[in-house]
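For reference, final_16.pdb is printed below; it contains PDB, C-alpha atoms and all ligand atoms.
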```
ATOM      1  CA  MET A1090      -5.846  44.027-104.027
ATOM      2  CA  GLY A1091      -8.859  42.876-106.031
ATOM      3  CA  PRO A1092     -12.298  42.277-104.580
ATOM      4  CA  ALA A1093     -12.982  39.249-102.373
ATOM      5  CA  VAL A1094     -15.267  37.118-104.518
ATOM      6  CA  LYS A1095     -16.823  33.767-103.768
ATOM      7  CA  PHE A1096     -18.945  32.138-106.460
ATOM      8  CA  THR A1097     -21.126  29.261-105.290
ATOM      9  CA  TYR A1098     -22.772  26.767-107.611
ATOM     10  CA  PHE A1099     -23.034  23.040-108.108
ATOM     11  CA  ASP A1100     -20.151  21.159-109.742
ATOM     12  CA  LEU A1101     -21.706  21.899-113.130
ATOM     13  CA  LEU A1102     -21.329  24.329-116.007
ATOM     14  CA  GLY A1103     -25.107  24.994-116.187
ATOM     15  CA  LYS A1104     -26.185  28.413-115.039
ATOM     16  CA  GLY A1105     -22.810  29.064-113.472
ATOM     17  CA  GLU A1106     -20.277  28.844-116.241
ATOM     18  CA  LEU A1107     -21.151  32.119-117.940
ATOM     19  CA  ILE A1108     -20.376  33.893-114.684
ATOM     20  CA  ARG A1109     -17.141  31.946-114.225
ATOM     21  CA  LEU A1110     -16.100  32.967-117.773
ATOM     22  CA  LEU A1111     -16.806  36.644-117.091
ATOM     23  CA  LEU A1112     -14.881  36.526-113.825
ATOM     24  CA  THR A1113     -12.015  34.795-115.619
ATOM     25  CA  LYS A1114     -11.876  37.256-118.508
ATOM     26  CA  GLY A1115     -12.198  40.084-116.024
ATOM     27  CA  GLY A1116      -9.143  38.852-114.152
ATOM     28  CA  VAL A1117     -11.071  38.439-110.900
ATOM     29  CA  ASP A1118      -9.405  36.009-108.553
ATOM     30  CA  PHE A1119     -12.479  34.195-107.231
ATOM     31  CA  GLU A1120     -13.178  31.277-104.964
ATOM     32  CA  ASP A1121     -14.878  28.638-107.152
ATOM     33  CA  ASP A1122     -17.103  27.088-104.486
ATOM     34  CA  ARG A1123     -18.826  23.895-105.729
ATOM     35  CA  VAL A1124     -21.622  22.433-103.641
ATOM     36  CA  SER A1125     -22.200  18.693-103.763
ATOM     37  CA  PHE A1126     -25.729  17.379-104.145
ATOM     38  CA  ALA A1127     -25.201  15.528-100.864
ATOM     39  CA  ASP A1128     -24.633  18.830 -99.027
ATOM     40  CA  TRP A1129     -27.297  20.799-100.871
ATOM     41  CA  GLY A1130     -30.146  19.956 -98.482
ATOM     42  CA  ASN A1131     -28.325  21.711 -95.634
ATOM     43  CA  ILE A1132     -27.200  24.672 -97.705
ATOM     44  CA  LYS A1133     -30.468  25.385 -99.542
ATOM     45  CA  PRO A1134     -32.257  27.054 -96.591
ATOM     46  CA  THR A1135     -29.310  29.429 -96.142
ATOM     47  CA  THR A1136     -29.549  30.781 -99.725
ATOM     48  CA  THR A1137     -31.508  33.859-100.814
ATOM     49  CA  PHE A1138     -34.080  32.144-103.036
ATOM     50  CA  GLY A1139     -33.376  28.487-102.244
ATOM     51  CA  GLN A1140     -31.323  28.078-105.413
ATOM     52  CA  LEU A1141     -27.849  28.464-106.860
ATOM     53  CA  PRO A1142     -25.825  30.192-108.214
ATOM     54  CA  MET A1143     -25.002  32.730-105.536
ATOM     55  CA  MET A1144     -22.077  35.067-105.208
ATOM     56  CA  THR A1145     -20.541  37.357-102.613
ATOM     57  CA  TRP A1146     -18.516  40.319-103.836
ATOM     58  CA  ASP A1147     -16.714  42.170-101.042
ATOM     59  CA  GLY A1148     -19.398  40.996 -98.624
ATOM     60  CA  LEU A1149     -22.362  41.828-100.867
ATOM     61  CA  GLU A1150     -24.462  38.697-101.272
ATOM     62  CA  MET A1151     -26.363  38.176-104.523
ATOM     63  CA  ALA A1152     -28.506  35.596-106.326
ATOM     64  CA  GLN A1153     -30.190  35.083-109.725
ATOM     65  CA  SER A1154     -27.708  34.207-112.440
ATOM     66  CA  HIS A1155     -28.579  36.979-114.895
ATOM     67  CA  ALA A1156     -28.463  39.652-112.206
ATOM     68  CA  ILE A1157     -25.020  38.341-111.306
ATOM     69  CA  VAL A1158     -23.977  38.282-114.993
ATOM     70  CA  ARG A1159     -24.914  41.952-115.405
ATOM     71  CA  TYR A1160     -23.257  42.952-112.128
ATOM     72  CA  VAL A1161     -19.992  41.186-112.921
ATOM     73  CA  ALA A1162     -19.989  42.484-116.507
ATOM     74  CA  LYS A1163     -20.296  46.053-115.253
ATOM     75  CA  LYS A1164     -17.601  45.523-112.644
ATOM     76  CA  VAL A1165     -15.064  44.088-115.095
ATOM     77  CA  GLY A1166     -15.744  46.273-118.137
ATOM     78  CA  LEU A1167     -17.710  43.764-120.213
ATOM     79  CA  ALA A1168     -20.989  45.682-120.271
ATOM     80  CA  GLY A1169     -20.236  48.068-123.137
ATOM     81  CA  LYS A1170     -19.431  51.738-122.907
ATOM     82  CA  THR A1171     -22.917  53.226-123.009
ATOM     83  CA  GLU A1172     -26.434  52.448-121.803
ATOM     84  CA  GLU A1173     -27.248  51.560-125.401
ATOM     85  CA  ASP A1174     -24.350  49.072-125.636
ATOM     86  CA  PHE A1175     -25.599  47.555-122.404
ATOM     87  CA  LEU A1176     -29.123  47.308-123.782
ATOM     88  CA  GLN A1177     -27.875  45.516-126.902
ATOM     89  CA  ALA A1178     -25.922  43.047-124.798
ATOM     90  CA  ASP A1179     -28.871  42.512-122.492
ATOM     91  CA  MET A1180     -31.110  41.746-125.480
ATOM     92  CA  ILE A1181     -28.755  38.936-126.425
ATOM     93  CA  LEU A1182     -28.623  37.593-122.876
ATOM     94  CA  GLU A1183     -32.419  37.409-122.850
ATOM     95  CA  HIS A1184     -32.406  35.880-126.333
ATOM     96  CA  THR A1185     -30.209  33.078-124.984
ATOM     97  CA  ASN A1186     -32.560  32.707-122.041
ATOM     98  CA  ASP A1187     -35.342  31.757-124.441
ATOM     99  CA  ILE A1188     -33.404  28.862-125.916
ATOM    100  CA  TRP A1189     -32.059  27.632-122.569
ATOM    101  CA  LYS A1190     -35.646  26.716-121.779
ATOM    102  CA  ASP A1191     -35.619  24.163-124.619
ATOM    103  CA  MET A1192     -32.106  22.770-124.563
ATOM    104  CA  PRO A1193     -32.084  20.554-121.464
ATOM    105  CA  GLY A1194     -35.405  19.003-122.538
ATOM    106  CA  LEU A1195     -33.784  18.010-125.799
ATOM    107  CA  ARG A1196     -30.565  16.800-124.335
ATOM    108  CA  PHE A1197     -32.201  14.660-121.680
ATOM    109  CA  ALA A1198     -35.167  13.463-123.713
ATOM    110  CA  ALA A1199     -36.017   9.769-123.398
ATOM    111  CA  PRO A1200     -34.555   7.715-126.281
ATOM    112  CA  ASP A1201     -37.949   7.016-127.861
ATOM    113  CA  VAL A1202     -38.832  10.705-128.269
ATOM    114  CA  LYS A1203     -35.352  12.107-128.717
ATOM    115  CA  GLN A1204     -35.214  11.930-132.504
ATOM    116  CA  ALA A1205     -38.578  13.629-132.965
ATOM    117  CA  LYS A1206     -37.650  16.297-130.449
ATOM    118  CA  ALA A1207     -34.300  16.902-132.127
ATOM    119  CA  GLU A1208     -35.908  17.183-135.562
ATOM    120  CA  GLU A1209     -38.436  19.680-134.284
ATOM    121  CA  PHE A1210     -35.702  21.631-132.511
ATOM    122  CA  LEU A1211     -33.528  21.735-135.626
ATOM    123  CA  LYS A1212     -36.351  22.691-137.925
ATOM    124  CA  ASN A1213     -37.873  25.454-135.829
ATOM    125  CA  THR A1214     -36.170  26.424-132.580
ATOM    126  CA  TRP A1215     -32.557  26.433-133.694
ATOM    127  CA  PRO A1216     -32.915  28.479-136.950
ATOM    128  CA  LYS A1217     -35.193  30.963-135.231
ATOM    129  CA  PHE A1218     -32.615  31.439-132.507
ATOM    130  CA  LEU A1219     -29.582  31.588-134.795
ATOM    131  CA  ASP A1220     -31.253  33.744-137.441
ATOM    132  CA  GLY A1221     -31.863  36.318-134.730
ATOM    133  CA  ALA A1222     -28.312  36.113-133.435
ATOM    134  CA  GLU A1223     -26.755  36.353-136.897
ATOM    135  CA  LYS A1224     -28.998  39.322-137.715
ATOM    136  CA  MET A1225     -27.854  41.108-134.570
ATOM    137  CA  LEU A1226     -24.207  40.532-135.463
ATOM    138  CA  LYS A1227     -24.790  41.873-138.962
ATOM    139  CA  MET A1228     -26.541  44.969-137.609
ATOM    140  CA  ARG A1229     -23.761  45.656-135.131
ATOM    141  CA  GLY A1230     -20.848  45.551-137.563
ATOM    142  CA  GLY A1231     -20.418  41.796-137.900
ATOM    143  CA  GLU A1232     -17.976  40.999-135.144
ATOM    144  CA  TRP A1233     -19.549  41.488-131.722
ATOM    145  CA  TYR A1234     -23.122  41.162-130.511
ATOM    146  CA  ALA A1235     -23.221  44.526-128.775
ATOM    147  CA  GLY A1236     -21.541  47.917-128.792
ATOM    148  CA  ASN A1237     -18.912  46.960-131.367
ATOM    149  CA  GLN A1238     -16.834  45.355-128.640
ATOM    150  CA  LEU A1239     -16.535  42.287-126.469
ATOM    151  CA  THR A1240     -19.348  42.147-123.896
ATOM    152  CA  PHE A1241     -21.211  39.625-121.768
ATOM    153  CA  ALA A1242     -23.444  39.004-124.816
ATOM    154  CA  ASP A1243     -20.631  37.224-126.639
ATOM    155  CA  PHE A1244     -20.035  34.963-123.647
ATOM    156  CA  ALA A1245     -23.757  34.246-123.274
ATOM    157  CA  MET A1246     -23.900  33.126-126.915
ATOM    158  CA  TYR A1247     -20.706  31.133-126.460
ATOM    159  CA  MET A1248     -22.298  29.111-123.654
ATOM    160  CA  VAL A1249     -25.385  28.240-125.720
ATOM    161  CA  LEU A1250     -23.306  27.137-128.688
ATOM    162  CA  PHE A1251     -20.988  25.159-126.452
ATOM    163  CA  PHE A1252     -23.860  23.378-124.729
ATOM    164  CA  ILE A1253     -25.696  22.520-127.916
ATOM    165  CA  SER A1254     -22.625  21.200-129.677
ATOM    166  CA  TRP A1255     -21.287  19.168-126.765
ATOM    167  CA  PRO A1256     -19.944  15.975-128.382
ATOM    168  CA  GLU A1257     -21.980  13.690-126.118
ATOM    169  CA  GLU A1258     -25.104  15.073-127.700
ATOM    170  CA  LYS A1259     -25.239  12.028-129.963
ATOM    171  CA  GLY A1260     -28.984  11.915-130.471
ATOM    172  CA  PHE A1261     -28.890  15.465-131.657
ATOM    173  CA  GLN A1262     -25.885  14.998-133.896
ATOM    174  CA  ASP A1263     -27.222  11.768-135.392
ATOM    175  CA  VAL A1264     -30.321  13.550-136.507
ATOM    176  CA  THR A1265     -28.332  16.315-138.133
ATOM    177  CA  GLY A1266     -25.785  13.945-139.612
ATOM    178  CA  CYS A1267     -23.206  16.076-137.870
ATOM    179  CA  ASP A1268     -19.930  14.698-136.722
ATOM    180  CA  GLY A1269     -18.381  17.957-135.689
ATOM    181  CA  ARG A1270     -18.976  20.889-133.459
ATOM    182  CA  PHE A1271     -19.455  23.499-136.174
ATOM    183  CA  LYS A1272     -21.875  21.954-138.645
ATOM    184  CA  LEU A1273     -24.772  23.524-136.821
ATOM    185  CA  LEU A1274     -23.228  26.899-137.476
ATOM    186  CA  ASP A1275     -22.414  26.490-141.135
ATOM    187  CA  ASN A1276     -25.231  28.796-142.232
ATOM    188  CA  TYR A1277     -24.201  31.323-139.635
ATOM    189  CA  PRO A1278     -20.683  32.500-140.477
ATOM    190  CA  LEU A1279     -20.706  35.513-138.172
ATOM    191  CA  ALA A1280     -21.942  33.530-135.166
ATOM    192  CA  LYS A1281     -19.383  30.859-135.913
ATOM    193  CA  ALA A1282     -16.532  33.369-136.146
ATOM    194  CA  ASN A1283     -17.646  35.016-132.910
ATOM    195  CA  PHE A1284     -17.735  31.639-131.139
ATOM    196  CA  ILE A1285     -14.209  30.827-132.271
ATOM    197  CA  LYS A1286     -13.001  34.253-131.239
ATOM    198  CA  ILE A1287     -14.321  33.823-127.703
ATOM    199  CA  GLN A1288     -12.673  30.435-127.423
ATOM    200  CA  ASN A1289      -9.378  31.942-128.493
ATOM    201  CA  ILE A1290      -9.277  34.854-126.063
ATOM    202  CA  PRO A1291      -6.010  34.015-124.268
ATOM    203  CA  GLU A1292      -7.466  34.023-120.719
ATOM    204  CA  ILE A1293     -10.437  31.944-121.880
ATOM    205  CA  LYS A1294      -8.312  29.505-123.846
ATOM    206  CA  LYS A1295      -6.167  28.918-120.807
ATOM    207  CA  TYR A1296      -9.229  28.521-118.590
ATOM    208  CA  LEU A1297     -10.969  26.099-120.981
ATOM    209  CA  GLY A1298      -7.828  24.015-121.159
ATOM    210  CA  SER A1299      -7.724  23.480-117.421
ATOM    211  CA  ARG A1300     -11.258  24.020-116.118
ATOM    212  CA  LYS A1301     -13.113  21.474-114.051
ATOM    213  CA  PRO A1302     -15.318  19.559-116.494
ATOM    214  CA  GLY A1303     -18.309  19.487-114.149
ATOM    215  CA  ASN A1304     -19.948  16.406-112.755
ATOM    216  CA  PRO A1305     -21.393  15.013-114.993
ATOM    217  CA  PRO A1306     -18.927  16.430-117.547
ATOM    218  CA  GLY A1307     -20.190  18.980-120.031
ATOM    219  CA  LEU A1308     -23.241  19.884-118.025
TER     220      LEU A1308
HETATM  221  N1  LIG A1401     -33.554  31.971-112.002
HETATM  222  C1  LIG A1401     -32.516  31.321-111.261
HETATM  223  C2  LIG A1401     -32.680  29.822-111.398
HETATM  224  C3  LIG A1401     -31.624  29.080-110.622
HETATM  225  C4  LIG A1401     -31.792  27.578-110.696
HETATM  226  O1  LIG A1401     -32.659  27.043-111.413
HETATM  227  N2  LIG A1401     -30.942  26.885-109.943
HETATM  228  C5  LIG A1401     -30.986  25.436-109.894
HETATM  229  C6  LIG A1401     -29.709  24.854-110.461
HETATM  230  S1  LIG A1401     -29.411  25.358-112.128
HETATM  231  C7  LIG A1401     -31.049  25.008-108.437
HETATM  232  O2  LIG A1401     -30.564  25.685-107.553
HETATM  233  N3  LIG A1401     -31.649  23.844-108.179
HETATM  234  C8  LIG A1401     -31.725  23.252-106.872
HETATM  235  C9  LIG A1401     -33.032  23.526-106.185
HETATM  236  O3  LIG A1401     -33.892  24.238-106.729
HETATM  237  O4  LIG A1401     -33.184  22.981-105.062
HETATM  238  C10 LIG A1401     -31.143  31.771-111.782
HETATM  239  O5  LIG A1401     -31.019  32.018-112.985
HETATM  240  O6  LIG A1401     -30.222  31.889-110.976
END
```
Can the structure from this file be put into structure tokens for me?
Amino acid sequence: MGPAVKFTYFDLLGKGELIRLLLTKGGVDFEDDRVSFADWGNIKPTTTFGQLPMMTWDGLEMAQSHAIVRYVAKKVGLAGKTEEDFLQADMILEHTNDIWKDMPGLRFAAPDVKQAKAEEFLKNTWPKFLDGAEKMLKMRGGEWYAGNQLTFADFAMYMVLFFISWPEEKGFQDVTGCDGRFKLLDNYPLAKANFIKIQNIPEIKKYLGSRKPGNPPGL
């Protein structure tokens, strides 16, 4: 019997989907508990820090998405083999954290400032982020972000690239002249190949094909 795991988040991808992906790849049979915004007011005071996601793993209650990411990764063998592998993966997780701070602001920018924001993002934020990621891949053998193997770092990068290339991101794509998901990655062949590889992991492919889209979808 596997562990009893309940993962609680809103009906969104957001800060929860990386954890759902790790649980899925790890073969953990978890309860995917989705809290509605209508119920949130009652649930909030019962949570550790007044926020979601939260998870219980065999009765152990935990909060803070990155702490949960690291815990799950260690539990399911996606944290590398050594402390150094883990460090490399953790560097990437924190690298993604930096860009998460900018992405929602771009995606939900008011129409009159969206184009300027997107241009600024594309000129500065995006290359800085992707240059760093591509460099890490190159340094680590070209295939994986950490420890020469699949780790939580690859999934963390996958979520950023998924979010930024979500097809509804029209303002963003108009500015780039992009009509497809991968144009943003054309100067980053290793990052692009890694993204495709994650998508094609059999358990992940199956999950992506049938997962709840989130409400609103893609968020
Ligand atoms: N540092 C926390 C931030 C969690 C967070 O911002 N949660 C948001 C949803 S993504 C939330 O619970 N918002 C509702 C609220 O604050 O009342 C983490 O990474 O878990």
*Which one is closest to ligand LIG 1401 (chain A): A:Leu1308, A:Met1090, A:Ala1235, A:Ile1285? Count all atoms listed in the file.*
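So, comparing all the options, the nearest one is A:Leu1308.
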*Expressed in Å to a single decimal, how great is the separation between CA of Thr1240 in chain A and CA of Tyr1160 in chain A?*
12.4 Å
_Please determine, counting only C-alpha atoms and all ligand atoms, which residue among A:Leu1274, A:Leu1195, A:Met1151, A:Ile1287 has the shortest atom-to-atom distance to ligand LIG 1401 (chain A)._
A:Met1151
Fewer than 6 positions away in the same chain doesn't count, so skip those; otherwise give me all residues within 7 Å of Phe1241 in chain A, counting only C-alpha atoms, as a JSON list (two decimals) with C-alpha atoms, in the coordinates of the input.
```json
[["chain", "number", "residue", "atom", "x", "y", "z"],
["A", 1162, "ALA", "CA", -19.99, 42.48, -116.51],
["A", 1167, "LEU", "CA", -17.71, 43.76, -120.21],
["A", 1168, "ALA", "CA", -20.99, 45.68, -120.27],
["A", 1178, "ALA", "CA", -25.92, 43.05, -124.80]]
```
*asked:* Quick check, in Å to one decimal: how far apart do CA of Gly1169 in chain A and atom O5 of ligand LIG 1401 (chain A) lie?
replied: 21.8 Å
